[in-house]
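Trainee: Sending over run.txt (compact mmCIF, C-alpha atoms).
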# COMPACT_ATOMS: atom_id res chain seq x y z
CA MET A 1 6.27 -26.54 24.39
CA ARG A 2 9.88 -26.19 25.47
CA GLY A 3 10.46 -29.88 24.87
CA PHE A 4 9.07 -29.79 21.34
CA LEU A 5 11.37 -27.26 19.72
CA THR A 6 14.84 -28.19 18.56
CA LEU A 7 15.82 -25.12 16.65
CA THR A 8 17.84 -25.56 13.50
CA VAL A 9 18.81 -22.40 11.66
CA ARG A 10 19.63 -22.71 7.99
CA ALA A 11 21.47 -20.18 5.94
CA VAL A 12 18.63 -18.37 4.20
CA SER A 13 19.15 -15.18 2.30
CA ARG A 14 17.09 -12.23 3.45
CA VAL A 15 13.80 -12.00 1.57
CA PRO A 16 13.53 -8.61 -0.15
CA ARG A 17 10.37 -6.59 0.11
CA ARG A 18 8.75 -6.04 -3.24
CA PRO A 19 8.70 -2.44 -4.44
CA LEU A 20 5.42 -0.61 -4.72
CA SER A 21 3.56 -1.30 -7.93
CA GLY A 22 0.63 0.75 -9.11
CA GLY A 23 0.49 2.59 -5.80
CA ARG A 24 -0.40 -0.55 -3.83
CA PRO A 25 1.59 -1.60 -0.76
CA PRO A 26 4.02 -4.53 -0.96
CA ALA A 27 2.60 -7.89 0.09
CA PRO A 28 5.26 -10.35 1.22
CA LEU A 29 4.83 -13.11 3.79
CA GLY A 30 7.39 -11.23 5.83
CA ALA A 31 11.05 -10.46 5.31
CA ARG A 32 12.62 -11.12 8.69
CA VAL A 33 14.71 -14.26 8.26
CA LEU A 34 16.80 -15.72 11.06
CA THR A 35 20.28 -16.53 9.78
CA ASN A 36 22.21 -16.41 13.06
CA PRO A 37 20.90 -18.46 16.03
CA GLU A 38 22.36 -15.92 18.44
CA ASP A 39 19.89 -13.30 17.14
CA ILE A 40 16.77 -15.33 17.92
CA PHE A 41 15.63 -13.19 20.87
CA GLN A 42 16.14 -9.91 19.02
CA HIS A 43 12.58 -9.97 17.59
CA ASN A 44 9.14 -11.37 18.45
CA MET A 45 8.67 -13.20 15.14
CA TRP A 46 10.85 -14.71 12.41
CA ASP A 47 9.54 -15.42 8.90
CA HIS A 48 10.05 -18.22 6.36
CA VAL A 49 11.14 -20.80 8.92
CA GLN A 50 12.25 -24.12 7.47
CA TRP A 51 11.56 -27.21 9.55
CA THR A 52 13.95 -30.14 9.69
CA GLU A 53 12.68 -33.66 9.10
CA GLU A 54 13.15 -34.30 12.81
CA GLU A 55 11.00 -31.30 13.79
CA THR A 56 8.27 -32.34 11.37
CA GLU A 57 8.25 -35.88 12.72
CA LYS A 58 8.10 -34.67 16.33
CA ALA A 59 5.12 -32.48 15.46
CA ARG A 60 3.36 -35.33 13.67
CA LEU A 61 3.86 -37.66 16.62
CA ARG A 62 2.60 -35.05 19.09
CA ALA A 63 -0.57 -34.48 17.01
CA GLU A 64 -1.04 -38.23 16.70
CA GLU A 65 -0.69 -38.61 20.46
CA ASN A 66 -3.17 -35.87 21.41
CA SER A 67 -5.78 -37.20 18.97
CA LYS A 68 -5.73 -40.83 20.13
CA GLU A 69 -8.53 -40.24 22.62
CA LYS A 70 -11.57 -38.90 20.73
CA ILE A 71 -14.64 -37.24 22.18
CA PRO A 72 -17.45 -39.86 22.16
CA VAL A 73 -19.52 -39.75 18.96
CA GLU A 74 -22.76 -39.23 20.88
CA GLU A 75 -21.32 -36.02 22.37
CA GLN A 76 -19.84 -34.60 19.18
CA SER A 77 -23.07 -33.36 17.57
CA LYS A 78 -23.52 -30.56 20.09
CA TYR A 79 -20.27 -28.89 18.99
CA ASP A 80 -21.66 -28.65 15.46
CA GLY A 81 -25.37 -28.11 16.05
CA GLU A 82 -24.92 -25.65 18.93
CA ALA A 83 -21.78 -23.90 17.68
CA HIS A 84 -23.47 -20.50 17.62
CA LYS A 85 -24.16 -20.78 21.35
CA TYR A 86 -20.49 -21.31 22.13
CA TRP A 87 -19.47 -18.34 19.98
CA ASP A 88 -22.22 -16.14 21.45
CA ARG A 89 -20.83 -16.97 24.88
CA PHE A 90 -17.30 -16.21 23.64
CA TYR A 91 -18.24 -12.71 22.42
CA GLU A 92 -20.38 -12.08 25.48
CA LEU A 93 -17.32 -12.75 27.62
CA HIS A 94 -14.58 -11.12 25.56
CA GLN A 95 -16.53 -8.42 23.69
CA ARG A 96 -14.05 -6.71 21.30
CA LYS A 97 -10.98 -7.32 23.45
CA PHE A 98 -9.78 -10.79 22.43
CA PHE A 99 -8.40 -10.11 18.92
CA ARG A 100 -6.42 -7.13 17.63
CA ASN A 101 -7.51 -5.21 14.55
CA ARG A 102 -6.06 -6.84 11.45
CA THR A 103 -4.16 -3.90 10.01
CA TRP A 104 -1.95 -6.47 8.27
CA LEU A 105 -4.80 -7.29 5.88
CA PHE A 106 -3.82 -4.70 3.29
CA THR A 107 -0.21 -5.83 3.24
CA GLU A 108 -1.09 -9.48 2.75
CA PHE A 109 -4.21 -8.84 0.66
CA PRO A 110 -3.84 -5.65 -1.40
CA GLU A 111 -6.78 -6.92 -3.48
CA LEU A 112 -9.01 -5.50 -0.74
CA LEU A 113 -8.10 -1.99 -1.86
CA PRO A 114 -10.78 -0.69 -4.26
CA PRO A 115 -9.47 0.38 -7.68
CA ASP A 116 -10.25 4.04 -6.89
CA THR A 117 -8.06 3.91 -3.75
CA ALA A 118 -5.20 1.92 -5.26
CA GLY A 119 -2.93 4.96 -5.22
CA LEU A 120 -3.33 5.42 -1.47
CA CYS A 121 -0.76 3.96 0.89
CA ARG A 122 -1.95 4.68 4.39
CA PRO A 123 0.88 4.79 6.99
CA GLU A 124 -0.97 2.60 9.48
CA LEU A 125 -1.24 -0.14 6.88
CA GLU A 126 2.54 -0.43 6.86
CA GLN A 127 2.49 -1.75 10.44
CA ASP A 128 4.13 -5.09 11.11
CA SER A 129 1.67 -7.90 10.51
CA ARG A 130 3.31 -10.02 13.19
CA SER A 131 0.92 -8.80 15.91
CA GLU A 132 -1.73 -11.38 15.05
CA SER A 133 -0.71 -13.94 12.48
CA GLY A 134 1.21 -12.80 9.95
CA ASN A 135 1.83 -12.53 -0.02
CA ARG A 136 2.82 -12.05 -2.80
CA GLU A 137 0.94 -12.15 -6.10
CA LYS A 138 -1.51 -9.43 -6.90
CA GLN A 139 -4.62 -9.64 -9.03
CA GLN A 140 -6.78 -6.68 -9.93
CA PRO A 141 -10.34 -7.54 -8.89
CA CYS A 142 -13.09 -7.06 -11.40
CA GLY A 143 -14.89 -3.93 -10.31
CA SER A 144 -16.90 -3.25 -13.45
CA CYS A 145 -18.55 -6.61 -14.14
CA THR A 146 -22.29 -6.43 -14.64
CA LEU A 147 -24.54 -8.50 -12.40
CA THR A 148 -25.84 -11.67 -13.98
CA SER A 149 -28.73 -11.87 -11.50
CA HIS A 150 -30.78 -9.03 -10.08
CA MET A 151 -32.67 -8.21 -6.90
CA ASP A 152 -35.04 -5.24 -6.86
CA THR A 153 -33.00 -3.43 -4.23
CA PHE A 154 -30.22 -4.49 -1.93
CA PRO A 155 -27.68 -2.78 0.34
CA GLY A 156 -24.67 -1.56 -1.61
CA GLN A 157 -26.37 -2.01 -4.98
CA HIS A 158 -24.85 1.19 -6.37
CA ALA A 159 -21.29 0.32 -5.30
CA ALA A 160 -18.70 -0.34 -7.99
CA PHE A 161 -16.66 -2.64 -5.73
CA ARG A 162 -18.18 -5.07 -3.21
CA ILE A 163 -16.44 -6.99 -0.44
CA LEU A 164 -17.91 -9.70 1.79
CA GLU A 165 -16.27 -10.89 4.99
CA VAL A 166 -17.68 -14.14 6.34
CA GLY A 167 -17.19 -14.93 10.01
CA CYS A 168 -16.54 -11.29 10.81
CA GLY A 169 -16.59 -11.73 14.60
CA ALA A 170 -16.45 -8.46 16.52
CA GLY A 171 -15.10 -6.53 13.54
CA ASN A 172 -11.32 -6.86 13.71
CA SER A 173 -11.20 -6.86 9.91
CA VAL A 174 -14.35 -4.84 9.41
CA PHE A 175 -13.21 -1.56 10.90
CA PRO A 176 -9.80 -1.38 9.20
CA ILE A 177 -11.64 -2.03 5.91
CA ILE A 178 -14.32 0.60 6.63
CA SER A 179 -11.61 3.14 7.45
CA THR A 180 -9.93 2.44 4.13
CA ILE A 181 -12.93 2.32 1.77
CA ARG A 182 -14.85 5.26 3.22
CA GLY A 183 -15.15 7.91 0.51
CA SER A 184 -14.59 5.40 -2.29
CA LYS A 185 -17.10 3.56 -4.48
CA ALA A 186 -16.74 0.39 -2.40
CA PHE A 187 -19.17 -1.33 -0.05
CA LEU A 188 -18.53 -3.95 2.63
CA TYR A 189 -20.83 -6.76 3.73
CA CYS A 190 -19.96 -8.73 6.85
CA CYS A 191 -21.69 -11.62 8.55
CA ASP A 192 -21.33 -13.99 11.45
CA PHE A 193 -23.59 -16.68 12.87
CA SER A 194 -23.12 -15.21 16.34
CA SER A 195 -25.79 -12.56 16.87
CA GLN A 196 -23.71 -11.29 19.78
CA ALA A 197 -20.77 -10.60 17.45
CA VAL A 198 -22.94 -8.78 14.89
CA GLU A 199 -24.44 -6.61 17.64
CA LEU A 200 -20.93 -5.62 18.72
CA ILE A 201 -20.22 -4.43 15.18
CA GLN A 202 -23.49 -2.56 14.76
CA GLU A 203 -23.03 -0.80 18.12
CA HIS A 204 -19.44 0.25 17.36
CA PRO A 205 -19.04 4.04 16.89
CA ASP A 206 -17.22 3.50 13.57
CA TYR A 207 -19.97 1.34 12.07
CA ASP A 208 -21.40 3.17 9.07
CA PRO A 209 -24.42 1.73 7.20
CA ALA A 210 -23.51 3.92 4.24
CA VAL A 211 -20.46 1.75 3.57
CA CYS A 212 -21.17 -1.47 5.50
CA HIS A 213 -24.00 -3.91 6.08
CA ALA A 214 -23.57 -6.34 9.01
CA PHE A 215 -25.97 -9.26 9.34
CA VAL A 216 -26.38 -12.62 11.04
CA ARG A 217 -25.78 -15.59 8.75
CA ASP A 218 -24.71 -19.20 9.22
CA ILE A 219 -22.56 -19.91 6.16
CA CYS A 220 -23.12 -23.65 6.68
CA ASP A 221 -26.78 -23.10 5.84
CA THR A 222 -26.27 -22.81 2.09
CA ARG A 223 -30.01 -22.47 1.42
CA SER A 224 -30.54 -19.24 3.36
CA PRO A 225 -30.40 -16.08 1.22
CA PHE A 226 -27.71 -13.43 1.31
CA PRO A 227 -28.72 -9.74 1.04
CA PHE A 228 -27.15 -9.45 -2.43
CA PRO A 229 -27.55 -11.37 -5.71
CA PRO A 230 -25.28 -14.09 -7.11
CA GLU A 231 -22.17 -12.99 -9.02
CA SER A 232 -22.21 -9.56 -7.39
CA LEU A 233 -19.03 -9.59 -5.26
CA ASP A 234 -15.48 -8.61 -6.16
CA ILE A 235 -13.84 -9.99 -3.02
CA ILE A 236 -14.78 -12.56 -0.37
CA LEU A 237 -12.61 -12.57 2.73
CA VAL A 238 -12.41 -15.90 4.58
CA VAL A 239 -9.96 -15.41 7.46
CA PHE A 240 -9.83 -17.87 10.38
CA VAL A 241 -13.38 -19.01 9.60
CA LEU A 242 -13.36 -22.37 7.82
CA SER A 243 -11.28 -23.85 10.63
CA ALA A 244 -14.18 -23.19 13.03
CA ILE A 245 -16.68 -25.39 11.17
CA HIS A 246 -16.82 -29.15 10.72
CA PRO A 247 -14.42 -30.16 7.91
CA ALA A 248 -17.19 -32.20 6.27
CA ARG A 249 -19.12 -28.97 5.68
CA ALA A 250 -16.24 -26.91 4.28
CA GLN A 251 -16.63 -27.87 0.61
CA ASP A 252 -20.32 -26.95 0.44
CA VAL A 253 -19.54 -23.63 2.13
CA VAL A 254 -16.76 -22.69 -0.32
CA THR A 255 -18.81 -23.79 -3.35
CA SER A 256 -21.79 -21.75 -2.19
CA LEU A 257 -19.68 -18.65 -1.57
CA ALA A 258 -17.99 -18.98 -4.96
CA GLY A 259 -21.40 -18.52 -6.60
CA PHE A 260 -21.52 -14.93 -5.31
CA LEU A 261 -18.23 -13.89 -6.91
CA LYS A 262 -18.24 -11.95 -10.14
CA GLN A 263 -16.21 -13.39 -12.98
CA GLY A 264 -12.67 -12.39 -12.06
CA GLY A 265 -13.64 -11.99 -8.40
CA ILE A 266 -11.25 -13.32 -5.76
CA MET A 267 -11.60 -15.29 -2.54
CA LEU A 268 -8.93 -14.47 0.05
CA PHE A 269 -8.17 -17.15 2.64
CA ARG A 270 -6.00 -17.39 5.73
CA ASP A 271 -6.29 -20.00 8.46
CA TYR A 272 -4.48 -22.42 10.77
CA GLY A 273 -1.96 -24.82 9.20
CA ARG A 274 -1.19 -28.41 10.10
CA TYR A 275 1.04 -28.79 13.19
CA ASP A 276 0.66 -25.19 14.25
CA LEU A 277 1.52 -24.59 17.91
CA ALA A 278 -2.20 -24.37 18.70
CA GLN A 279 -2.75 -27.93 17.45
CA LEU A 280 0.16 -29.39 19.36
CA ARG A 281 -1.00 -27.81 22.62
CA PHE A 282 -4.28 -29.74 22.70
CA LYS A 283 -4.57 -32.43 25.34
CA LYS A 284 -6.03 -35.90 24.98
CA GLY A 285 -9.82 -35.93 24.99
CA GLN A 286 -10.25 -32.71 23.00
CA CYS A 287 -10.12 -34.28 19.54
CA LEU A 288 -13.33 -34.61 17.52
CA SER A 289 -11.80 -36.17 14.40
CA GLU A 290 -8.49 -36.13 12.59
CA ASN A 291 -6.91 -32.65 12.97
CA PHE A 292 -10.22 -31.26 14.31
CA TYR A 293 -10.46 -30.28 17.98
CA THR A 294 -12.70 -28.53 20.46
CA ARG A 295 -11.36 -25.92 22.86
CA GLN A 296 -12.35 -25.74 26.52
CA ASP A 297 -14.94 -23.05 25.70
CA GLY A 298 -16.68 -25.34 23.18
CA THR A 299 -15.49 -23.59 20.02
CA CYS A 300 -13.80 -25.80 17.43
CA VAL A 301 -10.75 -25.57 15.19
CA TYR A 302 -9.39 -27.52 12.20
CA PHE A 303 -5.79 -27.42 10.96
CA PHE A 304 -5.34 -27.36 7.16
CA THR A 305 -2.68 -28.44 4.70
CA LYS A 306 -2.02 -26.57 1.46
CA ASP A 307 -3.31 -29.53 -0.56
CA GLU A 308 -6.59 -29.58 1.35
CA VAL A 309 -7.07 -25.86 0.76
CA HIS A 310 -6.32 -26.27 -2.94
CA ARG A 311 -8.91 -29.02 -3.28
CA LEU A 312 -11.56 -26.95 -1.48
CA PHE A 313 -11.22 -23.98 -3.81
CA SER A 314 -10.44 -25.73 -7.08
CA ASP A 315 -13.38 -28.10 -6.59
CA ALA A 316 -15.52 -24.97 -6.22
CA GLY A 317 -14.44 -23.94 -9.74
CA LEU A 318 -11.84 -21.35 -8.72
CA GLU A 319 -8.33 -21.01 -10.07
CA GLU A 320 -5.26 -20.65 -7.89
CA LEU A 321 -3.43 -17.34 -7.70
CA GLN A 322 -1.58 -18.11 -4.49
CA ASN A 323 -1.43 -21.01 -2.03
CA LEU A 324 1.32 -20.68 0.55
CA GLU A 325 2.30 -22.23 3.83
CA ASP A 326 3.40 -19.50 6.21
CA ARG A 327 5.82 -20.94 8.78
CA ARG A 328 7.15 -18.64 11.48
CA LEU A 329 8.93 -18.67 14.80
CA GLN A 330 7.08 -16.78 17.50
CA VAL A 331 9.36 -15.63 20.30
CA ASN A 332 8.57 -14.81 23.91
CA ARG A 333 11.64 -12.77 24.68
CA GLY A 334 10.77 -12.37 28.36
CA LYS A 335 10.47 -16.11 29.03
CA LYS A 336 13.09 -17.07 26.39
CA VAL A 337 10.63 -19.43 24.68
CA VAL A 338 10.32 -19.99 20.92
CA MET A 339 7.26 -21.54 19.25
CA HIS A 340 6.46 -22.80 15.76
CA ARG A 341 3.47 -21.14 14.07
CA VAL A 342 1.94 -22.39 10.83
CA TRP A 343 -0.75 -20.76 8.70
CA VAL A 344 -2.02 -21.30 5.17
CA GLN A 345 -2.68 -18.24 3.04
CA SER A 346 -4.35 -18.47 -0.35
CA LYS A 347 -6.00 -16.49 -3.15
CA TYR A 348 -8.37 -18.09 -5.65
CA ARG A 349 -10.11 -16.40 -8.56
CA LYS A 350 -13.34 -17.13 -10.39
CA PRO A 351 -12.45 -17.59 -14.06
CA SER A 352 -13.83 -15.21 -16.63
CA LEU A 353 -15.85 -16.78 -19.39
CA ILE A 354 -14.29 -16.26 -22.80
CA SER A 355 -16.77 -15.84 -25.62
CA ASP A 356 -15.95 -16.61 -29.25
Please re-express this file's structure in structure tokens.
Mentor:
Amino acid sequence: MRGFLTLTVRAVSRVPRRPLSGGRPPAPLGARVLTNPEDIFQHNMWDHVQWTEEETEKARLRAEENSKEKIPVEEQSKYDGEAHKYWDRFYELHQRKFFRNRTWLFTEFPELLPPDTAGLCRPELEQDSRSESGNREKQQPCGSCTLTSHMDTFPGQHAAFRILEVGCGAGNSVFPIISTIRGSKAFLYCCDFSSQAVELIQEHPDYDPAVCHAFVRDICDTRSPFPFPPESLDIILVVFVLSAIHPARAQDVVTSLAGFLKQGGIMLFRDYGRYDLAQLRFKKGQCLSENFYTRQDGTCVYFFTKDEVHRLFSDAGLEELQNLEDRRLQVNRGKKVVMHRVWVQSKYRKPSLISD
């Protein structure tokens, strides 16, 4: 990637961190802005990077080039129909070691904090979010809405605040959340279509059925039941999940999930953005369709634009609270290499019905 980057540094004023409000931690997209090119190797990550037209065009051409040679149509179905096998193999190989715990979640998504823990600001949650991916805008989730549909009994039925994480993997979000909500009136559900991943969570020493229910579920199968009723969730966390499924399935998945939010409930999203370093590194012959690729291990990844994300959630009947493109410079200070990273981070809320 050395040949791709032509670094242009613009004079950008330093982004201030928002002060604490209501006891919740600040939630910027980062405040480390590079204003002097000579400082580039002083840190591992720089925030709010602005691309020049030339850099954008180079990225577009590189993505166009690596997607010219598509995987034959007759071979593509296995990456969709047998996706769980590839992810089972991934977790069998890597166990819990591939991803770091997402302690940045509570900085970027303070909505995850239950109302009865809003005054807590845990020191470890102040850690730099740059370790994995590393907004603003806060919205108090609805923790007191009554359920509009009932099941006789279900895990977490007595909780006042319910969170679901879809595509939970080996628990890199799950265990930071469990640590934070334990002792509160909150309950966490987490699911993945890889049975290997769910086993890793259930066998973890910090897994606690009193505050968490982990289960196997393919979110593309919108007809299979969830272990809770519709309109029962305050928060749904969708982090680096939709990119792993076929883009043609994404709308049905988001629409189905939206049906489980309470009125006023929020869906939190973060995923790969268009022309991220990961997209530009793909070689010819790994492209399934436009901006959708398969890795060497058989897992797949799609790269979103803000507009695509907005359509997905608004067409599911949700209203935008936040929809941001997070552009950063990732720096390898040892090798003196700099790389463009792009993510999309969004928050969408289910509207409350207003009665006359």
Trainee: Kindly provide, as a list in words, the polymer residues lying within 6 Å of (-22.7, -10.3, 23.5), counting only C-alpha atoms and using the coordinates exactly as they appear in the file.
Mentor: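 Protein and nucleic acid residues near the point are Tyr91, Glu92 and Gln196 of chain A.
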Trainee: Smallest atom-to-atom distance to Lys347 of chain A: which of A:Ala210, A:Cys300, A:Ala170, A:Val238, using all atoms listed in the file?
Mentor: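 Nearest to Lys347 of chain A: A:Val238.
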Trainee: Give the answer as one residue: which of A:Gly167, A:Gly265, A:Gly285, A:Gly183 has the shortest atom-to-atom distance to Ser243 of chain A, using all atoms listed in the file?
Mentor: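 For Ser243 of chain A, the nearest of the given residues is A:Gly167.
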Trainee: My list of candidates is A:His43, A:Glu111, A:Phe193, A:Val344. Which is closest to Ile219 of chain A when distances are computed with only C-alpha atoms?
Mentor: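 Among A:His43, A:Glu111, A:Phe193, A:Val344, it is A:Phe193 that comes nearest to Ile219 of chain A.
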Trainee: Which of these residues is nearest to Ala278 of chain A, using all atoms listed in the file: A:Val301, A:Ala159, A:Leu321, A:Ile40?
Mentor: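 Among A:Val301, A:Ala159, A:Leu321, A:Ile40, it is A:Val301 that comes nearest to Ala278 of chain A.
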Trainee: Quick one: pull the distance between atom CA of Glu199 of chain A and atom CA of Ile181 of chain A, Å, one decimal.
Mentor: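 For atom CA of Glu199 of chain A relative to atom CA of Ile181 of chain A, the distance reads 21.5 Å.
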